[in-house]
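Note: the block below is my_file-v9.cif and it holds mmCIF, C-alpha atoms.
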```cif
data_work
loop_
_atom_site.label_atom_id
_atom_site.label_comp_id
_atom_site.auth_asym_id
_atom_site.auth_seq_id
_atom_site.Cartn_x
_atom_site.Cartn_y
_atom_site.Cartn_z
CA PRO J 1 48.96 -34.63 -7.29
CA THR J 2 48.58 -31.74 -4.84
CA ALA J 3 45.05 -32.77 -3.89
CA LEU J 4 46.08 -36.41 -3.48
CA ALA J 5 49.06 -35.45 -1.33
CA ASN J 6 46.63 -33.83 1.10
CA GLY J 7 44.29 -36.82 1.21
CA ASN J 8 43.29 -38.39 4.52
CA HIS J 9 44.88 -41.84 4.75
CA LYS J 10 42.60 -43.21 7.50
CA ASN J 11 39.45 -42.01 5.79
CA GLY J 12 40.69 -43.46 2.49
CA GLN J 13 41.27 -46.79 4.22
CA LYS J 14 37.71 -46.81 5.57
CA ILE J 15 36.33 -46.00 2.12
CA TYR J 16 38.46 -48.80 0.60
CA GLN J 17 37.18 -51.25 3.23
CA ASN J 18 33.56 -50.29 2.54
CA THR J 19 33.79 -50.02 -1.25
CA CYS J 20 36.55 -52.28 -2.57
CA MET J 21 37.69 -54.84 0.00
CA ALA J 22 34.76 -57.25 -0.38
CA CYS J 23 36.00 -58.11 -3.87
CA HIS J 24 39.68 -57.10 -3.97
CA LYS J 25 42.60 -58.31 -1.90
CA LEU J 26 45.29 -55.85 -0.84
CA HIS J 27 48.35 -57.15 1.03
CA GLY J 28 46.64 -60.45 1.85
CA LYS J 29 43.38 -59.00 3.16
CA GLY J 30 40.08 -58.86 1.30
CA GLY J 31 37.97 -60.75 -1.18
CA GLU J 32 38.91 -62.89 -4.14
CA LEU J 33 36.17 -62.04 -6.62
CA GLY J 34 38.24 -59.32 -8.28
CA PRO J 35 41.96 -59.17 -8.94
CA ASP J 36 44.47 -58.85 -6.10
CA ILE J 37 45.51 -55.22 -6.37
CA THR J 38 48.61 -55.50 -4.20
CA GLY J 39 50.95 -55.61 -7.18
CA ALA J 40 48.79 -53.46 -9.43
CA ASN J 41 50.08 -50.20 -10.81
CA ARG J 42 48.32 -48.26 -8.01
CA ALA J 43 50.83 -45.40 -8.02
CA ASN J 44 49.67 -44.47 -11.53
CA LEU J 45 46.58 -42.26 -11.31
CA ASP J 46 45.62 -42.93 -14.93
CA TYR J 47 45.74 -46.69 -14.27
CA LEU J 48 43.41 -46.33 -11.28
CA LEU J 49 41.01 -44.07 -13.14
CA ASP J 50 40.89 -46.33 -16.20
CA ASN J 51 40.10 -49.41 -14.12
CA ILE J 52 37.56 -47.76 -11.81
CA LEU J 53 35.78 -45.51 -14.31
CA ASP J 54 35.66 -48.13 -17.08
CA PRO J 55 35.76 -51.52 -15.36
CA SER J 56 34.67 -53.33 -18.52
CA GLY J 57 37.39 -51.71 -20.66
CA ILE J 58 39.98 -54.44 -20.10
CA ILE J 59 39.03 -57.59 -18.20
CA GLN J 60 41.64 -60.24 -17.41
CA ASP J 61 40.55 -63.72 -18.54
CA ASP J 62 40.51 -65.03 -14.96
CA TYR J 63 37.99 -62.36 -13.97
CA LYS J 64 35.56 -62.45 -16.89
CA MET J 65 31.98 -62.77 -15.70
CA ILE J 66 30.38 -66.08 -16.56
CA VAL J 67 26.61 -66.63 -16.37
CA ILE J 68 25.74 -70.28 -15.86
CA THR J 69 22.22 -71.68 -16.03
CA THR J 70 21.65 -75.19 -14.71
CA ARG J 71 19.19 -77.74 -16.06
CA ASP J 72 16.96 -77.18 -13.02
CA GLY J 73 16.76 -73.41 -13.68
CA ARG J 74 19.29 -72.01 -11.21
CA THR J 75 21.51 -69.16 -12.41
CA TYR J 76 25.00 -68.44 -11.12
CA VAL J 77 27.16 -65.44 -11.93
CA GLY J 78 30.87 -65.47 -11.14
CA ASN J 79 34.26 -66.40 -12.54
CA ILE J 80 35.64 -69.82 -13.25
CA VAL J 81 38.29 -70.90 -10.77
CA SER J 82 38.92 -74.31 -12.29
CA GLU J 83 37.38 -76.83 -14.63
CA ASN J 84 38.05 -80.45 -15.49
CA GLU J 85 36.21 -83.04 -17.57
CA ARG J 86 33.56 -83.53 -14.85
CA GLN J 87 33.24 -80.37 -12.75
CA LEU J 88 33.50 -76.62 -12.82
CA THR J 89 34.32 -74.48 -9.79
CA LEU J 90 32.78 -71.02 -9.88
CA ARG J 91 33.77 -68.15 -7.59
CA ILE J 92 30.81 -66.00 -6.62
CA VAL J 93 30.57 -63.31 -3.96
CA GLY J 94 31.77 -64.82 -0.70
CA GLN J 95 32.04 -68.46 -1.79
CA LYS J 96 33.01 -71.06 -4.35
CA ILE J 97 30.47 -73.41 -5.92
CA VAL J 98 31.28 -76.72 -7.57
CA LEU J 99 28.94 -77.77 -10.37
CA ASN J 100 28.90 -81.01 -12.30
CA LEU J 101 29.21 -80.25 -16.00
CA SER J 102 26.24 -82.53 -16.62
CA GLU J 103 24.08 -80.09 -14.56
CA ILE J 104 24.94 -77.10 -16.75
CA GLN J 105 22.44 -76.16 -19.43
CA SER J 106 24.23 -73.05 -20.69
CA ARG J 107 27.12 -70.73 -19.98
CA GLU J 108 27.81 -67.30 -21.38
CA VAL J 109 30.80 -65.02 -21.05
CA SER J 110 29.63 -61.50 -20.39
CA PRO J 111 31.42 -58.52 -21.94
CA LYS J 112 30.65 -56.60 -18.72
CA SER J 113 32.91 -56.62 -15.71
CA MET J 114 31.63 -57.88 -12.39
CA MET J 115 32.93 -54.60 -10.98
CA PRO J 116 30.03 -52.18 -11.02
CA GLU J 117 30.24 -48.95 -12.97
CA GLY J 118 29.76 -45.65 -11.19
CA LEU J 119 31.47 -46.59 -7.93
CA LEU J 120 32.90 -43.10 -7.50
CA GLN J 121 29.52 -41.43 -8.09
CA THR J 122 28.40 -42.35 -4.57
CA LEU J 123 31.42 -40.57 -3.05
CA THR J 124 32.10 -36.90 -2.46
CA ASP J 125 35.12 -35.31 -4.14
CA LYS J 126 36.95 -35.37 -0.79
CA GLU J 127 36.19 -39.08 -0.34
CA VAL J 128 37.51 -39.84 -3.85
CA ILE J 129 40.72 -37.95 -3.05
CA ASP J 130 41.07 -39.83 0.25
CA LEU J 131 40.48 -43.21 -1.44
CA PHE J 132 43.03 -42.55 -4.18
CA HIS J 133 45.50 -41.20 -1.61
CA TYR J 134 45.14 -44.45 0.33
CA LEU J 135 45.41 -46.67 -2.74
CA GLN J 136 48.53 -44.90 -3.94
CA THR J 137 50.36 -44.83 -0.60
CA ILE J 138 49.37 -48.03 1.18
CA GLU J 139 52.25 -50.27 2.14
CA ALA J 140 52.04 -53.76 3.62
CA ASN J 141 53.01 -52.62 7.11
CA LYS J 142 50.55 -49.70 7.41
#
```

Could you quickly redo this structure as structure tokens?
Amino acid sequence: PTALANGNHKNGQKIYQNTCMACHKLHGKGGELGPDITGANRANLDYLLDNILDPSGIIQDDYKMIVITTRDGRTYVGNIVSENERQLTLRIVGQKIVLNLSEIQSREVSPKSMMPEGLLQTLTDKEVIDLFHYLQTIEANK
């Protein structure tokens, strides 16, 4: 707690924007590939560590990674946004793709999270502290 209290908010925000924001939404800004973390239990350090250090530990159904192979050999990896009797909408990085079910040769649910492991390994200790400081203190109006 002492180290986090001395974290650099602005640096943590930059690290969040470069590391997390492409996939996660926070207060209406960011990607949709991963869960919206606005309402997540971000104030709980153990919660953050569990989800970042072991991203495949618990995966919400809406964010399970699906690998789809089409009859013409294309492969898509993402999560299912919606499905009806004719089509499936898949969310992949930066876009949504609609596939006709008749085009799909196979689909597999992966036990691995789309969130990569080892995200904190590329950061210095100070950067990790700054990131966690930012995640734990960010409010919608900051």

Residue nearest Thr70 in chain J among J:Gln105, J:Asn51, J:Asn18, J:Asn6 (counting all atoms listed in the file): J:Gln105

Write out as a short mmCIF file (atom, residue, chain, number, x, y, z; two decimals) with C-alpha atoms, keeping the file's coordinate frame the residues lying within 10 Å of Gln95 in chain J, counting only C-alpha atoms and excluding same-chain residues fewer than 5 positions away.
```cif
data_model
loop_
_atom_site.label_atom_id
_atom_site.label_comp_id
_atom_site.auth_asym_id
_atom_site.auth_seq_id
_atom_site.Cartn_x
_atom_site.Cartn_y
_atom_site.Cartn_z
CA GLY J 31 37.97 -60.75 -1.18
CA GLU J 32 38.91 -62.89 -4.14
CA LEU J 33 36.17 -62.04 -6.62
CA GLY J 78 30.87 -65.47 -11.14
CA LEU J 90 32.78 -71.02 -9.88
#
```

From J:Arg71, J:Lys64, J:His24, J:Arg86, residue lying nearest Leu135 in chain J [all atoms listed in the file]: J:His24

Expansion of the PyMOL selection byres ((chain J and resi 35) around 10) into residues, as a list in words: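 Applying the expression gives Cys23, His24, Lys25, Leu26, Gly31, Glu32, Leu33, Gly34, Asp36, Ile37, Thr38, Gly39, Ala40, Ile59, Gln60, Asp62 and Tyr63 of chain J.
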
Counting only C-alpha atoms, the residue of J:Asn44, J:Thr75, J:Thr19, J:Asn84 that sits nearest His133 in chain J: J:Asn44

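Coordinates place CA of Asn41 in chain J at a distance of 17.7 Å from CA of Val128 in chain J.
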
Explicit residue set for the PyMOL selection byres ((chain J and resi 54) around 10), as a list in words: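 Output of the PyMOL selection byres ((chain J and resi 54) around 10): Leu48, Leu49, Asp50, Asn51, Ile52, Leu53, Pro55, Ser56, Gly57, Ile58, Lys112, Ser113, Met115, Pro116, Glu117 and Gly118 of chain J.
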
Interatomic distance (Å, one decimal) between CA of Tyr134 in chain J and CA of Gln13 in chain J: 6.0 Å

J:Gly12, J:Ile129, J:Asp61, J:Thr124 ranked by distance to Pro111 in chain J, top pick (using all atoms listed in the file): J:Asp61

Shortest interatomic distance to Gln136 in chain J - which of J:Met114, J:Ile80, J:Ala5, J:Val109, counting only C-alpha atoms: J:Ala5

Test item: which residues lie within 10 Å of (21.0, -76.4, -14.9) counting all atoms listed in the file, as a ChimeraX atom specification: /J:68-76,99-107

Point-to-point distance from CA of Pro1 in chain J to CA of Arg42 in chain J, Å rounded to tenths: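 Going from CA of Pro1 in chain J over to CA of Arg42 in chain J, I get 13.7 Å.
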
Proximity to Leu4 in chain J - best of J:Leu45, J:Ile97, J:His27, J:Leu119, only C-alpha atoms: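 Closest candidate: J:Leu45.
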
Spatial sel., origin (41.8, -44.4, 5.8), limit 10 Å, all atoms listed in the file, listed as a ChimeraX atom specification: /J:7-17,127,130-131,133-135,138

Take every atom of range 113-119 of chain J listed in the file, fit an axis-aligned box around them, add 3 Å per side, and give the centre and edge lengths in Å to one decimal as lines of an AutoDock Vina configuration file.
```
center_x = 31.3
center_y = -51.8
center_z = -11.8
size_x = 9.2
size_y = 18.2
size_z = 13.8
```

Explicit residues for the PyMOL selection byres ((chain J and resi 81) around 9) (as JSON, numbers by chain): {"J": [62, 79, 80, 82, 83, 88, 89, 90, 91, 96]}
